[in-house]
$ cat data.cif   # mmCIF, C-alpha atoms
data_query
#
loop_
_atom_site.label_atom_id
_atom_site.label_comp_id
_atom_site.auth_asym_id
_atom_site.auth_seq_id
_atom_site.Cartn_x
_atom_site.Cartn_y
_atom_site.Cartn_z
CA MET K 21 0.00 0.00 0.00
CA ILE K 22 1.19 3.52 -0.76
CA ASN K 23 2.41 5.45 2.26
CA PHE K 24 1.38 8.99 1.41
CA GLU K 25 3.78 10.70 3.79
CA GLU K 26 6.72 8.69 2.57
CA GLU K 27 5.84 9.24 -1.06
CA LEU K 28 5.38 12.97 -0.49
CA LYS K 29 8.94 13.19 0.81
CA ARG K 30 10.14 12.25 -2.67
CA PHE K 31 8.77 15.51 -4.06
CA SER K 32 10.96 18.55 -3.64
CA PRO K 33 10.08 22.18 -4.47
CA ILE K 34 10.90 23.33 -8.00
CA PRO K 35 13.33 26.27 -8.28
CA GLU K 36 12.03 29.47 -9.86
CA VAL K 37 13.93 31.32 -12.59
CA SER K 38 15.31 33.73 -9.99
CA GLN K 39 16.76 30.71 -8.18
CA ALA K 40 18.43 29.34 -11.32
CA GLU K 41 21.85 30.43 -10.09
CA GLU K 42 21.48 28.28 -6.99
CA ALA K 43 20.36 25.38 -9.18
CA ILE K 44 23.49 25.81 -11.31
CA TYR K 45 25.75 25.72 -8.28
CA SER K 46 23.94 22.71 -6.85
CA ASN K 47 24.33 20.91 -10.20
CA ASP K 48 28.09 21.40 -10.08
CA LEU K 49 28.80 17.82 -9.03
CA ARG K 50 32.16 16.16 -8.50
CA ASP K 51 33.41 13.89 -11.23
CA ILE K 52 36.32 11.44 -11.32
CA SER K 53 38.89 14.11 -12.15
CA ASP K 54 37.81 16.11 -9.08
CA ILE K 55 38.19 13.05 -6.90
CA VAL K 56 41.62 12.22 -8.33
CA THR K 57 42.74 15.84 -7.87
CA GLN K 58 41.56 15.75 -4.29
CA ILE K 59 43.39 12.49 -3.63
CA THR K 60 46.64 13.76 -5.17
CA ASN K 61 46.37 17.00 -3.18
CA GLU K 62 45.84 15.03 0.02
CA ILE K 63 48.85 12.87 -0.74
CA LYS K 64 50.93 15.99 -1.44
CA GLN K 65 49.80 17.59 1.79
CA ALA K 66 50.54 14.42 3.74
CA ASN K 67 54.03 14.34 2.27
CA THR K 68 54.75 17.96 3.17
CA ASN K 69 53.54 17.41 6.75
CA VAL K 70 55.96 14.52 7.42
CA PRO K 71 58.67 15.92 9.70
CA THR K 72 62.10 15.69 8.10
CA ALA K 73 64.81 13.98 10.17
CA VAL K 74 67.35 16.31 11.70
CA VAL K 75 70.76 15.30 10.59
CA GLY K 76 73.39 15.88 13.18
CA VAL K 77 76.74 17.37 12.24
CA ARG K 78 79.62 15.29 13.25
CA ARG K 79 82.43 17.26 14.78
CA MET S 11 62.59 14.22 -38.88
CA ALA S 12 59.04 14.74 -37.65
CA THR S 13 58.67 16.13 -34.14
CA LYS S 14 56.27 14.45 -31.73
CA ARG S 15 53.27 16.58 -30.85
CA PRO S 16 52.90 17.14 -27.10
CA VAL S 17 50.00 15.35 -25.42
CA LEU S 18 47.69 17.74 -23.57
CA CYS S 19 45.79 16.95 -20.41
CA PRO S 20 42.04 16.78 -21.13
CA ASN S 21 41.35 18.03 -17.62
CA CYS S 22 43.40 21.24 -17.51
CA GLY S 23 44.98 21.51 -20.96
CA ALA S 24 48.59 21.44 -19.70
CA GLN S 25 51.25 19.23 -21.21
CA VAL S 26 51.42 15.61 -20.10
CA LYS S 27 54.78 14.38 -18.90
CA LEU S 28 56.50 11.28 -20.28
CA ASN S 29 55.46 9.28 -17.23
CA GLY S 30 51.80 9.83 -18.22
CA TYR S 31 50.96 12.41 -15.56
CA CYS S 32 49.86 15.97 -16.21
CA SER S 33 52.54 18.54 -15.51
CA ALA S 34 50.01 20.93 -13.93
CA CYS S 35 47.25 18.92 -12.21
CA ASN S 36 49.26 15.71 -11.79
CA MET S 37 46.39 13.64 -13.14
CA PRO S 38 47.18 10.25 -14.64
CA LEU S 39 46.22 10.47 -18.30
CA ASP S 40 45.04 6.87 -18.58
CA VAL S 41 42.56 7.36 -15.71
CA ILE S 42 41.13 10.49 -17.32
CA ASP S 43 40.84 8.80 -20.69
CA LYS S 44 39.04 5.86 -19.15
CA ALA S 45 36.69 8.15 -17.24
CA TYR S 46 35.88 10.16 -20.33
CA ASN S 47 35.24 7.00 -22.34
CA THR S 48 32.87 5.70 -19.68
CA SER S 49 31.10 9.07 -19.65
CA ASP S 50 30.56 8.86 -23.41
CA HIS S 51 29.32 5.28 -23.04
CA TYR S 52 26.67 6.36 -20.52
CA TYR S 53 25.78 9.30 -22.75
CA ASN S 54 25.06 6.82 -25.54
CA ILE S 55 22.88 4.73 -23.25
CA GLY S 56 21.06 7.90 -22.15
CA TYR S 57 20.57 8.96 -25.73
CA ASP S 58 19.10 5.56 -26.66
CA LYS S 59 16.71 5.71 -23.72
CA ALA S 60 15.68 9.25 -24.58
CA THR S 61 14.88 8.29 -28.18
CA ALA S 62 12.77 5.40 -26.82
CA ARG S 63 10.97 7.97 -24.57
CA ASP S 64 12.28 6.42 -21.38
CA LEU S 65 13.10 9.85 -20.01
CA SER S 66 13.65 8.83 -16.37
CA GLY S 67 16.05 6.11 -17.48
CA ALA S 68 17.82 8.58 -19.74
CA ILE S 69 18.22 11.05 -16.87
CA GLU S 70 19.75 8.33 -14.72
CA SER S 71 22.24 7.31 -17.41
CA LEU S 72 23.15 10.92 -18.21
CA ASN S 73 23.73 11.70 -14.54
CA THR S 74 26.06 8.72 -14.37
CA SER S 75 27.80 10.05 -17.47
CA LEU S 76 28.33 13.38 -15.68
CA ARG S 77 29.84 11.64 -12.67
CA TYR S 78 32.60 10.38 -14.96
CA ASN S 79 32.97 13.67 -16.82
CA LYS S 80 31.06 16.69 -15.67
CA LYS S 81 32.39 18.65 -18.64
CA ASN S 82 30.67 16.38 -21.15
CA VAL S 83 28.84 19.02 -23.12
CA MET S 84 26.73 16.56 -25.11
CA THR S 85 25.47 14.97 -21.91
CA ARG S 86 24.64 18.37 -20.41
CA ASN S 87 22.76 19.44 -23.52
CA LEU S 88 20.71 16.24 -23.73
CA LEU S 89 19.96 16.33 -20.02
CA GLY S 90 18.76 19.92 -20.39
CA LEU S 91 16.52 18.91 -23.29
CA ILE S 92 14.98 16.06 -21.31
CA TYR S 93 14.29 18.32 -18.32
CA TYR S 94 12.75 20.86 -20.71
CA GLU S 95 10.51 18.16 -22.19
CA MET S 96 9.42 17.16 -18.69
CA GLY S 97 8.50 20.77 -17.85
CA GLU S 98 11.42 21.48 -15.51
CA VAL S 99 12.78 24.49 -17.35
CA VAL S 100 15.03 25.81 -14.58
CA MET S 101 16.86 22.49 -14.41
CA ALA S 102 17.20 22.59 -18.19
CA LEU S 103 18.53 26.14 -17.98
CA SER S 104 21.11 25.21 -15.37
CA HIS S 105 22.49 22.34 -17.48
CA TRP S 106 22.65 24.47 -20.61
CA VAL S 107 24.38 27.30 -18.75
CA MET S 108 26.99 24.84 -17.43
CA SER S 109 27.40 23.42 -20.92
CA VAL S 110 28.02 26.88 -22.43
CA ASN S 111 30.41 27.59 -19.57
CA TYR S 112 32.51 24.56 -20.52
CA GLN S 113 32.35 25.14 -24.27
CA GLN S 114 31.35 28.43 -25.83
CA LYS S 115 31.98 27.60 -29.48
CA ASP S 116 29.88 25.20 -31.54
CA ASN S 117 27.51 24.51 -28.70
CA ILE S 118 23.82 24.07 -29.41
CA ALA S 119 23.01 25.07 -25.81
CA THR S 120 23.83 28.67 -26.80
CA MET S 121 20.91 28.57 -29.21
CA TYR S 122 18.60 27.01 -26.62
CA LEU S 123 19.47 29.74 -24.12
CA LYS S 124 19.02 32.45 -26.73
CA GLU S 125 15.58 31.14 -27.64
CA LEU S 126 14.52 31.01 -24.02
CA LYS S 127 15.79 34.52 -23.31
CA ALA S 128 13.96 35.82 -26.38
CA ASP S 129 10.62 34.66 -24.94
CA PRO S 130 9.99 36.47 -21.63
CA THR S 131 6.41 35.17 -21.45
CA ARG S 132 7.77 31.63 -21.43
CA LEU S 133 10.04 32.51 -18.50
CA ASP S 134 7.09 34.11 -16.67
CA ASN S 135 5.13 30.96 -17.28
CA VAL S 136 8.00 28.91 -15.87
CA ASP S 137 7.91 31.02 -12.72
CA GLN S 138 4.15 30.53 -12.44
CA ILE S 139 4.53 26.76 -12.77
CA ALA S 140 7.20 26.65 -10.08
CA ARG S 141 5.18 28.79 -7.67
CA LYS S 142 1.97 26.86 -8.18
CA PHE S 143 3.70 23.52 -7.88
CA ASN S 144 5.41 24.57 -4.67
CA MET S 145 2.08 25.87 -3.38
CA ALA S 146 0.40 22.57 -4.27
CA LEU S 147 3.17 20.70 -2.49
CA SER S 148 2.65 22.78 0.65
CA TYR S 149 -1.12 22.11 0.44
CA ALA S 150 -0.38 18.40 0.20
CA HIS S 151 1.80 18.62 3.31
CA SER S 152 -0.97 20.47 5.17
CA GLU S 153 -3.56 17.86 4.03
CA ASP S 154 -5.48 20.32 1.81
CA TYR S 155 -5.69 17.76 -0.95
CA ASP S 156 -8.52 19.47 -2.87
CA LEU S 157 -6.63 22.74 -3.09
CA GLY S 158 -3.43 20.99 -4.06
CA ALA S 159 -5.20 19.08 -6.82
CA LEU S 160 -6.83 22.26 -8.09
CA GLN S 161 -3.50 24.10 -8.26
CA LEU S 162 -1.89 21.21 -10.10
CA LYS S 163 -4.75 20.96 -12.58
CA SER S 164 -4.41 24.65 -13.38
CA ILE S 165 -0.68 24.12 -14.09
CA LEU S 166 -1.16 20.98 -16.12
CA LYS S 167 -3.87 22.45 -18.32
CA ASP S 168 -1.35 24.91 -19.75
CA ASN S 169 1.72 22.67 -19.41
CA PRO S 170 0.68 19.17 -20.40
CA HIS S 171 4.25 17.83 -20.22
CA PHE S 172 4.93 18.62 -16.58
CA VAL S 173 5.62 15.10 -15.32
CA LYS S 174 6.34 16.04 -11.72
CA GLY S 175 2.98 17.81 -11.53
CA TYR S 176 1.15 14.73 -12.85
CA LEU S 177 2.88 12.49 -10.34
CA LEU S 178 1.94 14.72 -7.40
CA LEU S 179 -1.64 14.99 -8.70
CA ALA S 180 -1.83 11.21 -8.98
CA LEU S 181 -0.59 10.86 -5.41
CA LEU S 182 -3.25 13.32 -4.19
CA HIS S 183 -5.95 11.42 -6.10
CA ILE S 184 -4.81 8.18 -4.53
CA GLN S 185 -4.92 9.79 -1.09
CA MET S 186 -8.48 11.03 -1.77
CA ASN S 187 -9.43 7.52 -3.04
CA HIS S 188 -10.05 8.85 -6.57
CA TYR S 189 -8.33 5.89 -8.14
CA GLU S 190 -9.78 6.33 -11.62
CA ASN S 191 -8.50 9.92 -11.79
CA ALA S 192 -5.12 8.76 -10.50
CA ARG S 193 -5.00 6.18 -13.31
CA LYS S 194 -5.86 8.83 -15.91
CA THR S 195 -3.12 11.08 -14.53
CA LEU S 196 -0.53 8.30 -14.52
CA ARG S 197 -1.48 7.31 -18.04
CA ARG S 198 -0.52 10.81 -19.13
CA VAL S 199 2.83 10.41 -17.36
CA LEU S 200 3.48 7.17 -19.23
CA LYS S 201 2.69 8.90 -22.51
CA ILE S 202 5.53 11.37 -21.84
CA ASP S 203 7.93 9.11 -19.94
CA LYS S 204 7.27 5.48 -20.83
CA ALA S 205 9.03 3.87 -17.91
CA ASN S 206 8.58 6.43 -15.18
CA PRO S 207 9.37 4.38 -12.08
CA MET S 208 7.08 6.37 -9.77
CA ALA S 209 4.11 6.09 -12.14
CA ILE S 210 4.63 2.34 -12.51
CA HIS S 211 5.03 1.99 -8.74
CA TYR S 212 1.74 3.82 -8.08
CA LEU S 213 -0.11 1.79 -10.71
CA ARG S 214 1.18 -1.48 -9.28
CA GLU S 215 0.16 -0.37 -5.81
CA MET S 216 -3.35 0.33 -7.14
CA GLY S 217 -3.50 -3.25 -8.36
CA ASP S 218 -2.74 -2.78 -12.07
CA SER S 219 -0.87 -5.62 -13.73
CA ASP S 220 2.12 -5.13 -16.01
CA GLU S 221 -0.09 -5.94 -19.02
CA ASN S 222 -2.48 -3.17 -17.98
CA ILE S 223 0.40 -0.74 -17.65
CA ILE S 224 1.71 -1.62 -21.11
CA GLN S 225 -1.82 -1.24 -22.49
CA MET S 226 -2.13 2.17 -20.84
CA ARG S 227 0.77 3.52 -22.90
CA MET S 228 -1.14 2.73 -26.07
CA GLU S 229 -4.39 4.40 -25.03
CA SER S 230 -5.21 7.93 -26.05
CA VAL S 231 -5.33 10.64 -23.39
CA GLU S 232 -7.12 13.21 -25.55
CA ASN S 233 -10.61 13.03 -24.06
CA ASP S 234 -9.98 11.33 -20.75
CA GLY S 235 -11.80 14.11 -18.85
CA LEU S 236 -8.98 14.60 -16.37
CA PHE S 237 -9.41 18.37 -16.27
CA ASP S 238 -13.21 18.44 -16.13
CA GLU S 239 -14.05 20.93 -13.42
CA GLU S 240 -16.42 18.96 -11.22
CA TYR S 241 -15.97 21.50 -8.42
CA MET S 242 -16.64 24.57 -10.51
CA GLU S 243 -20.12 23.44 -11.45
CA GLU S 244 -21.30 23.87 -7.90
CA ILE S 245 -20.03 27.43 -7.49
CA SER S 246 -22.35 30.19 -8.53
CA VAL S 247 -21.82 33.93 -8.49
CA SER S 248 -24.15 36.29 -6.67
CA VAL S 249 -25.20 39.71 -7.89
CA ASP S 250 -22.48 41.54 -5.98
CA GLY S 251 -19.82 39.35 -7.55
CA GLU S 252 -19.12 37.21 -4.50
CA THR S 253 -18.89 33.46 -4.91
CA GLU S 254 -21.61 31.45 -3.25
CA ILE S 255 -22.01 27.76 -2.82
CA GLU S 256 -25.27 26.07 -3.57
CA GLY S 257 -25.45 22.84 -1.64
CA GLY S 258 -22.17 20.90 -1.66
CA SER S 259 -20.35 19.22 1.16
CA SER S 260 -18.57 20.90 4.06
CA ILE S 261 -15.24 20.02 2.44
CA PHE S 262 -16.42 21.87 -0.58
CA ARG S 263 -17.37 24.95 1.47
CA GLU S 264 -13.97 24.90 3.10
CA PHE S 265 -12.36 24.58 -0.29
CA ALA S 266 -14.20 27.60 -1.68
CA ALA S 267 -13.44 29.68 1.41
CA LYS S 268 -9.77 28.87 1.17
CA ARG S 269 -9.62 29.34 -2.55
CA LYS S 270 -10.32 33.05 -2.46
CA PRO S 271 -7.24 34.38 -0.62
CA ILE S 272 -4.92 32.15 -2.63
CA ILE S 273 -6.03 33.66 -5.85
CA LYS S 274 -6.14 37.18 -4.53
CA ASN S 275 -3.00 37.36 -2.47
CA GLU S 276 -0.66 34.71 -3.68
CA TYR S 277 0.06 34.52 -7.35
CA GLY S 278 -2.92 35.90 -9.22
CA ASP S 279 -4.34 32.57 -10.33
CA MET S 280 -6.95 33.26 -13.00
CA ASN S 281 -10.26 31.64 -12.15
CA MET S 282 -13.13 32.33 -14.51
CA ALA S 283 -15.86 31.51 -11.95
CA LYS S 284 -14.57 34.18 -9.58
CA TYR S 285 -14.61 36.86 -12.25
CA SER S 286 -18.06 36.07 -13.62
CA GLY S 287 -19.54 38.69 -11.22
CA LEU S 288 -17.20 41.20 -12.75
CA TYR S 289 -18.27 40.08 -16.19
CA VAL S 290 -21.94 40.63 -15.27
CA LEU S 291 -21.06 44.14 -14.10
CA LEU S 292 -19.05 44.79 -17.23
CA GLY S 293 -21.95 43.55 -19.35
CA PHE S 294 -24.31 45.86 -17.51
CA VAL S 295 -22.00 48.87 -17.99
CA LEU S 296 -21.58 47.98 -21.65
CA GLY S 297 -25.36 47.75 -22.02
CA VAL S 298 -25.83 51.18 -20.42
CA LEU S 299 -23.18 52.65 -22.70
CA VAL S 300 -24.79 51.16 -25.82
CA LEU S 301 -28.17 52.43 -24.65
CA SER S 302 -26.93 55.96 -23.97
CA PHE S 303 -24.65 56.36 -26.99
CA ILE S 304 -26.43 54.42 -29.72
CA ILE S 305 -30.06 53.66 -28.95
CA LEU S 306 -31.07 56.82 -27.06
CA PRO S 307 -29.64 59.38 -29.56
CA HIS S 308 -31.34 57.52 -32.40
CA GLN S 309 -34.65 57.50 -30.51
CA LYS S 310 -34.25 61.20 -29.67
CA LYS S 311 -33.65 62.11 -33.31
CA LYS S 312 -36.69 60.11 -34.36
CA ASN S 313 -38.88 61.87 -31.76
CA ASN S 314 -37.61 65.30 -32.84
CA ARG S 315 -38.42 64.52 -36.45
CA GLU S 316 -41.95 63.41 -35.55
CA ASN S 317 -42.50 66.53 -33.40
CA ALA S 318 -41.33 68.79 -36.20
CA GLU S 319 -43.81 67.14 -38.57
CA ILE S 320 -46.66 67.57 -36.08
CA ILE S 321 -45.74 71.24 -35.51
CA LYS S 322 -45.62 71.78 -39.24
CA SER S 323 -49.10 70.25 -39.82
CA TYR S 324 -50.56 72.26 -36.91
CA SER S 325 -49.07 75.52 -38.11
CA GLU S 326 -50.49 74.87 -41.59
CA GLU S 327 -53.89 74.21 -40.07
CA LEU S 328 -53.54 77.35 -37.95
CA ALA S 329 -52.74 79.43 -41.00
CA VAL S 330 -55.85 78.11 -42.78
CA LYS S 331 -58.00 78.90 -39.74
CA ASN S 332 -56.49 82.40 -39.43
CA SER S 333 -57.30 83.15 -43.03
CA GLU S 334 -60.88 81.89 -42.45
CA ILE S 335 -61.16 84.15 -39.40
CA GLN S 336 -59.93 87.08 -41.40
CA THR S 337 -62.51 86.54 -44.16
CA LEU S 338 -65.27 86.13 -41.59
CA ASN S 339 -64.14 89.30 -39.80
CA SER S 340 -64.17 91.20 -43.03
CA LYS S 341 -67.69 89.84 -43.69
CA ILE S 342 -68.80 90.96 -40.21
CA GLN S 343 -67.37 94.39 -40.85
CA ASP S 344 -69.20 94.61 -44.16
CA LEU S 345 -72.47 93.55 -42.56
CA ASN S 346 -72.02 96.05 -39.69
CA GLU S 347 -71.45 98.76 -42.19
CA ALA S 348 -74.54 97.70 -44.11
CA ILE S 349 -76.62 97.75 -40.87
CA ALA S 350 -75.33 101.17 -39.97
CA MET S 351 -76.16 102.48 -43.40
CA ALA S 352 -79.69 101.00 -43.27
CA GLU S 353 -80.27 102.56 -39.85
CA SER S 354 -79.13 105.98 -40.97
CA GLU S 355 -81.42 105.76 -44.02
CA ASP S 356 -84.38 104.80 -41.85
CA GLN S 357 -83.77 107.72 -39.43
CA GLY S 358 -83.67 110.23 -42.31
CA ALA S 359 -87.03 109.10 -43.95
CA ASN S 360 -89.61 108.59 -41.07
CA PRO S 361 -88.43 109.85 -37.75
CA LEU S 362 -90.30 108.10 -34.98
CA PRO S 363 -92.46 110.20 -32.50
CA ASP S 364 -91.13 110.82 -29.03
CA TYR S 365 -93.10 108.76 -26.54
CA SER S 366 -91.06 109.73 -23.51
CA HIS S 367 -93.87 111.93 -22.08
CA ILE S 368 -96.32 109.07 -21.98
CA GLU S 369 -96.83 107.88 -18.49
CA HIS S 370 -98.44 104.83 -17.07
CA GLY S 371 -102.20 105.13 -16.44
CA MET S 372 -102.88 107.96 -18.98
CA SER S 373 -106.15 107.82 -20.85
CA VAL S 374 -106.40 107.59 -24.63
CA ASP S 375 -107.78 111.12 -24.86
CA ASP S 376 -104.87 112.55 -22.91
CA ILE S 377 -102.44 110.78 -25.16
CA GLN S 378 -104.27 112.02 -28.25
CA GLU S 379 -104.20 115.59 -26.92
CA MET S 380 -100.48 115.30 -26.25
CA ILE S 381 -99.86 114.16 -29.80
CA ASP S 382 -101.94 116.91 -31.16
CA ASN S 383 -100.03 119.50 -29.17
CA GLU S 384 -96.79 118.21 -30.52
#

$ encode --input "data.cif" --output "structure tokens"
Amino acid sequence: MINFEEELKRFSPIPEVSQAEEAIYSNDLRDISDIVTQITNEIKQANTNVPTAVVGVRR
Amino acid sequence: MATKRPVLCPNCGAQVKLNGYCSACNMPLDVIDKAYNTSDHYYNIGYDKATARDLSGAIESLNTSLRYNKKNVMTRNLLGLIYYEMGEVVMALSHWVMSVNYQQKDNIATMYLKELKADPTRLDNVDQIARKFNMALSYAHSEDYDLGALQLKSILKDNPHFVKGYLLLALLHIQMNHYENARKTLRRVLKIDKANPMAIHYLREMGDSDENIIQMRMESVENDGLFDEEYMEEISVSVDGETEIEGGSSIFREFAAKRKPIIKNEYGDMNMAKYSGLYVLLGFVLGVLVLSFIILPHQKKKNNRENAEIIKSYSEELAVKNSEIQTLNSKIQDLNEAIAMAESEDQGANPLPDYSHIEHGMSVDDIQEMIDNE
């Protein structure tokens, strides 16, 4: 049997023309290249955060 | 010796290093190529579904295509077209704008956007649809199913491809136990989007078999009576232009009472029944104007003409009578003159004796003596 409340939740308000800009920004999804860029940036950042070993000077 | 052309990164356009990574964004070229190929593959699937009028399926495939390559202009353009066909113009606009943003030259989305911008009434209409749909949705949430259905019907009459509107209307009909109307509504959805999962889900829940659903797609929706205004028939308009309800249920009264402020204050929904009072008034004013400017002047002119004719005939008659009077007067004068002349002639010939000395009681002898003396 159809649960009206549950079904109604599937419907979302439609944006007006004045809200088109928001719709454009919300449509700007992440694709594979974004994910790969993010991963490479994270790896880079992780590498730069690793403390470098202090090399002692032998007298 | 021919020089090797540098390979450019499809993501940022920078040169790809010999190890296969982009020199700017450090992206592995083989991964990007694979992603872009997969995106094109899903675009093709989406295109096939769209040509078979499985719009929901096409949207799903095209969205998957965008997850692999959001800069796929063909996918964006087709997705925009499908949203436009389904009556969601703002979604269509957003995809076309993104498409033009990624590729300005040789992009059909530029033409789509130009055409839309050139038609401000279409954009106004889009706004109206969005507002009314959102209003209907809020009515549905507040359990005003009648009002919600009415709003949706007014949208769908002018925008018969608005799938989301049909689906919400069908849900409201189901909630109000108007299953036949829900079926009619869902049949219209299946005409636009053959495999709409929500429509099929609702039909199955109402007990329709798969064969029935397939059959529904074949049936005509031209005269299914979905937009027959069963509510409007019961609303009449009083002399002062206010809507009145004759009979009807309490739900119906509530509906009519609620209907008025929505139309007045919200978004100017045109309802012919509400304005019929105004039309009566306008008709009356028009009638008065026609009477005063066309009928009355004509009548006045006709009356004046008739009066002038009567005056003319009377004055002629008067002139005749005056001339008769004059002749009679002249006759009277002549006769008077003749009388006077006859009298004067009579006085000259035999003057009458003076009997002024005769008194009452005198004897004949006395009278004779008096005459003799004279």

$ resolve_selection --input "data.cif" --expression "the PyMOL selection byres ((chain K) within 9 of (chain S))" --output "PyMOL selection string"
chain K and resi 21-22+24-25+27-28+31-45+47-53+56-57+60

$ write_last_selection --input "data.cif" --atoms "C-alpha atoms" --output "PDB file, in the coordinates of the input"
ATOM      1  CA  MET K  21       0.000   0.000   0.000  1.00  0.00           C
ATOM      2  CA  ILE K  22       1.190   3.520  -0.760  1.00  0.00           C
ATOM      3  CA  PHE K  24       1.380   8.990   1.410  1.00  0.00           C
ATOM      4  CA  GLU K  25       3.780  10.700   3.790  1.00  0.00           C
ATOM      5  CA  GLU K  27       5.840   9.240  -1.060  1.00  0.00           C
ATOM      6  CA  LEU K  28       5.380  12.970  -0.490  1.00  0.00           C
ATOM      7  CA  PHE K  31       8.770  15.510  -4.060  1.00  0.00           C
ATOM      8  CA  SER K  32      10.960  18.550  -3.640  1.00  0.00           C
ATOM      9  CA  PRO K  33      10.080  22.180  -4.470  1.00  0.00           C
ATOM     10  CA  ILE K  34      10.900  23.330  -8.000  1.00  0.00           C
ATOM     11  CA  PRO K  35      13.330  26.270  -8.280  1.00  0.00           C
ATOM     12  CA  GLU K  36      12.030  29.470  -9.860  1.00  0.00           C
ATOM     13  CA  VAL K  37      13.930  31.320 -12.590  1.00  0.00           C
ATOM     14  CA  SER K  38      15.310  33.730  -9.990  1.00  0.00           C
ATOM     15  CA  GLN K  39      16.760  30.710  -8.180  1.00  0.00           C
ATOM     16  CA  ALA K  40      18.430  29.340 -11.320  1.00  0.00           C
ATOM     17  CA  GLU K  41      21.850  30.430 -10.090  1.00  0.00           C
ATOM     18  CA  GLU K  42      21.480  28.280  -6.990  1.00  0.00           C
ATOM     19  CA  ALA K  43      20.360  25.380  -9.180  1.00  0.00           C
ATOM     20  CA  ILE K  44      23.490  25.810 -11.310  1.00  0.00           C
ATOM     21  CA  TYR K  45      25.750  25.720  -8.280  1.00  0.00           C
ATOM     22  CA  ASN K  47      24.330  20.910 -10.200  1.00  0.00           C
ATOM     23  CA  ASP K  48      28.090  21.400 -10.080  1.00  0.00           C
ATOM     24  CA  LEU K  49      28.800  17.820  -9.030  1.00  0.00           C
ATOM     25  CA  ARG K  50      32.160  16.160  -8.500  1.00  0.00           C
ATOM     26  CA  ASP K  51      33.410  13.890 -11.230  1.00  0.00           C
ATOM     27  CA  ILE K  52      36.320  11.440 -11.320  1.00  0.00           C
ATOM     28  CA  SER K  53      38.890  14.110 -12.150  1.00  0.00           C
ATOM     29  CA  VAL K  56      41.620  12.220  -8.330  1.00  0.00           C
ATOM     30  CA  THR K  57      42.740  15.840  -7.870  1.00  0.00           C
ATOM     31  CA  THR K  60      46.640  13.760  -5.170  1.00  0.00           C
TER      32      THR K  60
END

$ atom_distance --input "data.cif" --atom1 "atom CA of Asn111 of chain S" --atom2 "atom CA of Glu62 of chain K"
27.9 Å

$ resolve_selection --input "data.cif" --expression "the PyMOL selection byres ((chain S and resi 191-196) around 7)" --output "PyMOL selection string"
chain S and resi 176-177+180+183-184+188-190+197-200+209+234+236

$ atom_distance --input "data.cif" --atom1 "atom CA of Leu89 of chain S" --atom2 "atom CA of Leu123 of chain S"
14.0 Å

$ axis_aligned_box --input "data.cif" --around "segment 52-68 of chain S" --padding-each-side "4 Å" --output "AutoDock Vina command-line options"
--center_x 18.8 --center_y 7.3 --center_z -22.3 --size_x 23.7 --size_y 13.1 --size_z 19.8

$ resolve_selection --input "data.cif" --expression "the PyMOL selection byres ((chain S and resi 224-227) around 7)" --output "MDAnalysis selection string"
chainID S and resid 197 200:201 220:223 228:229

$ atom_distance --input "data.cif" --atom1 "atom CA of Arg30 of chain K" --atom2 "atom CA of Asn169 of chain S"
21.4 Å

$ closest_residue --input "data.cif" --among "S:Leu160, S:Leu88, S:Val330, S:Leu213" --to "Asn54 of chain S" --atoms "all atoms listed in the file"
S:Leu88

$ build_atoms --input "data.cif" --residues "segment 302-311 of chain S" --atoms "N, CA and C atoms" --output "JSON list (two decimals), in the coordinates of the input"
[["chain", "number", "residue", "atom", "x", "y", "z"],
["S", 302, "SER", "N", -27.05, 54.50, -24.02],
["S", 302, "SER", "CA", -26.93, 55.96, -23.97],
["S", 302, "SER", "C", -26.27, 56.56, -25.21],
["S", 303, "PHE", "N", -25.39, 55.79, -25.85],
["S", 303, "PHE", "CA", -24.65, 56.36, -26.99],
["S", 303, "PHE", "C", -25.20, 55.96, -28.36],
["S", 304, "ILE", "N", -25.94, 54.87, -28.41],
["S", 304, "ILE", "CA", -26.43, 54.42, -29.72],
["S", 304, "ILE", "C", -27.96, 54.46, -29.79],
["S", 305, "ILE", "N", -28.60, 53.79, -28.84],
["S", 305, "ILE", "CA", -30.06, 53.66, -28.95],
["S", 305, "ILE", "C", -30.76, 54.97, -28.62],
["S", 306, "LEU", "N", -30.37, 55.59, -27.49],
["S", 306, "LEU", "CA", -31.07, 56.82, -27.06],
["S", 306, "LEU", "C", -30.93, 57.98, -28.06],
["S", 307, "PRO", "N", -29.74, 58.29, -28.57],
["S", 307, "PRO", "CA", -29.64, 59.38, -29.56],
["S", 307, "PRO", "C", -30.51, 59.13, -30.80],
["S", 308, "HIS", "N", -30.53, 57.86, -31.23],
["S", 308, "HIS", "CA", -31.34, 57.52, -32.40],
["S", 308, "HIS", "C", -32.83, 57.77, -32.11],
["S", 309, "GLN", "N", -33.25, 57.33, -30.92],
["S", 309, "GLN", "CA", -34.65, 57.50, -30.51],
["S", 309, "GLN", "C", -35.01, 58.99, -30.41],
["S", 310, "LYS", "N", -34.03, 59.76, -29.86],
["S", 310, "LYS", "CA", -34.25, 61.20, -29.67],
["S", 310, "LYS", "C", -34.43, 61.90, -31.03],
["S", 311, "LYS", "N", -33.60, 61.51, -31.97],
["S", 311, "LYS", "CA", -33.65, 62.11, -33.31],
["S", 311, "LYS", "C", -34.99, 61.81, -33.98]]
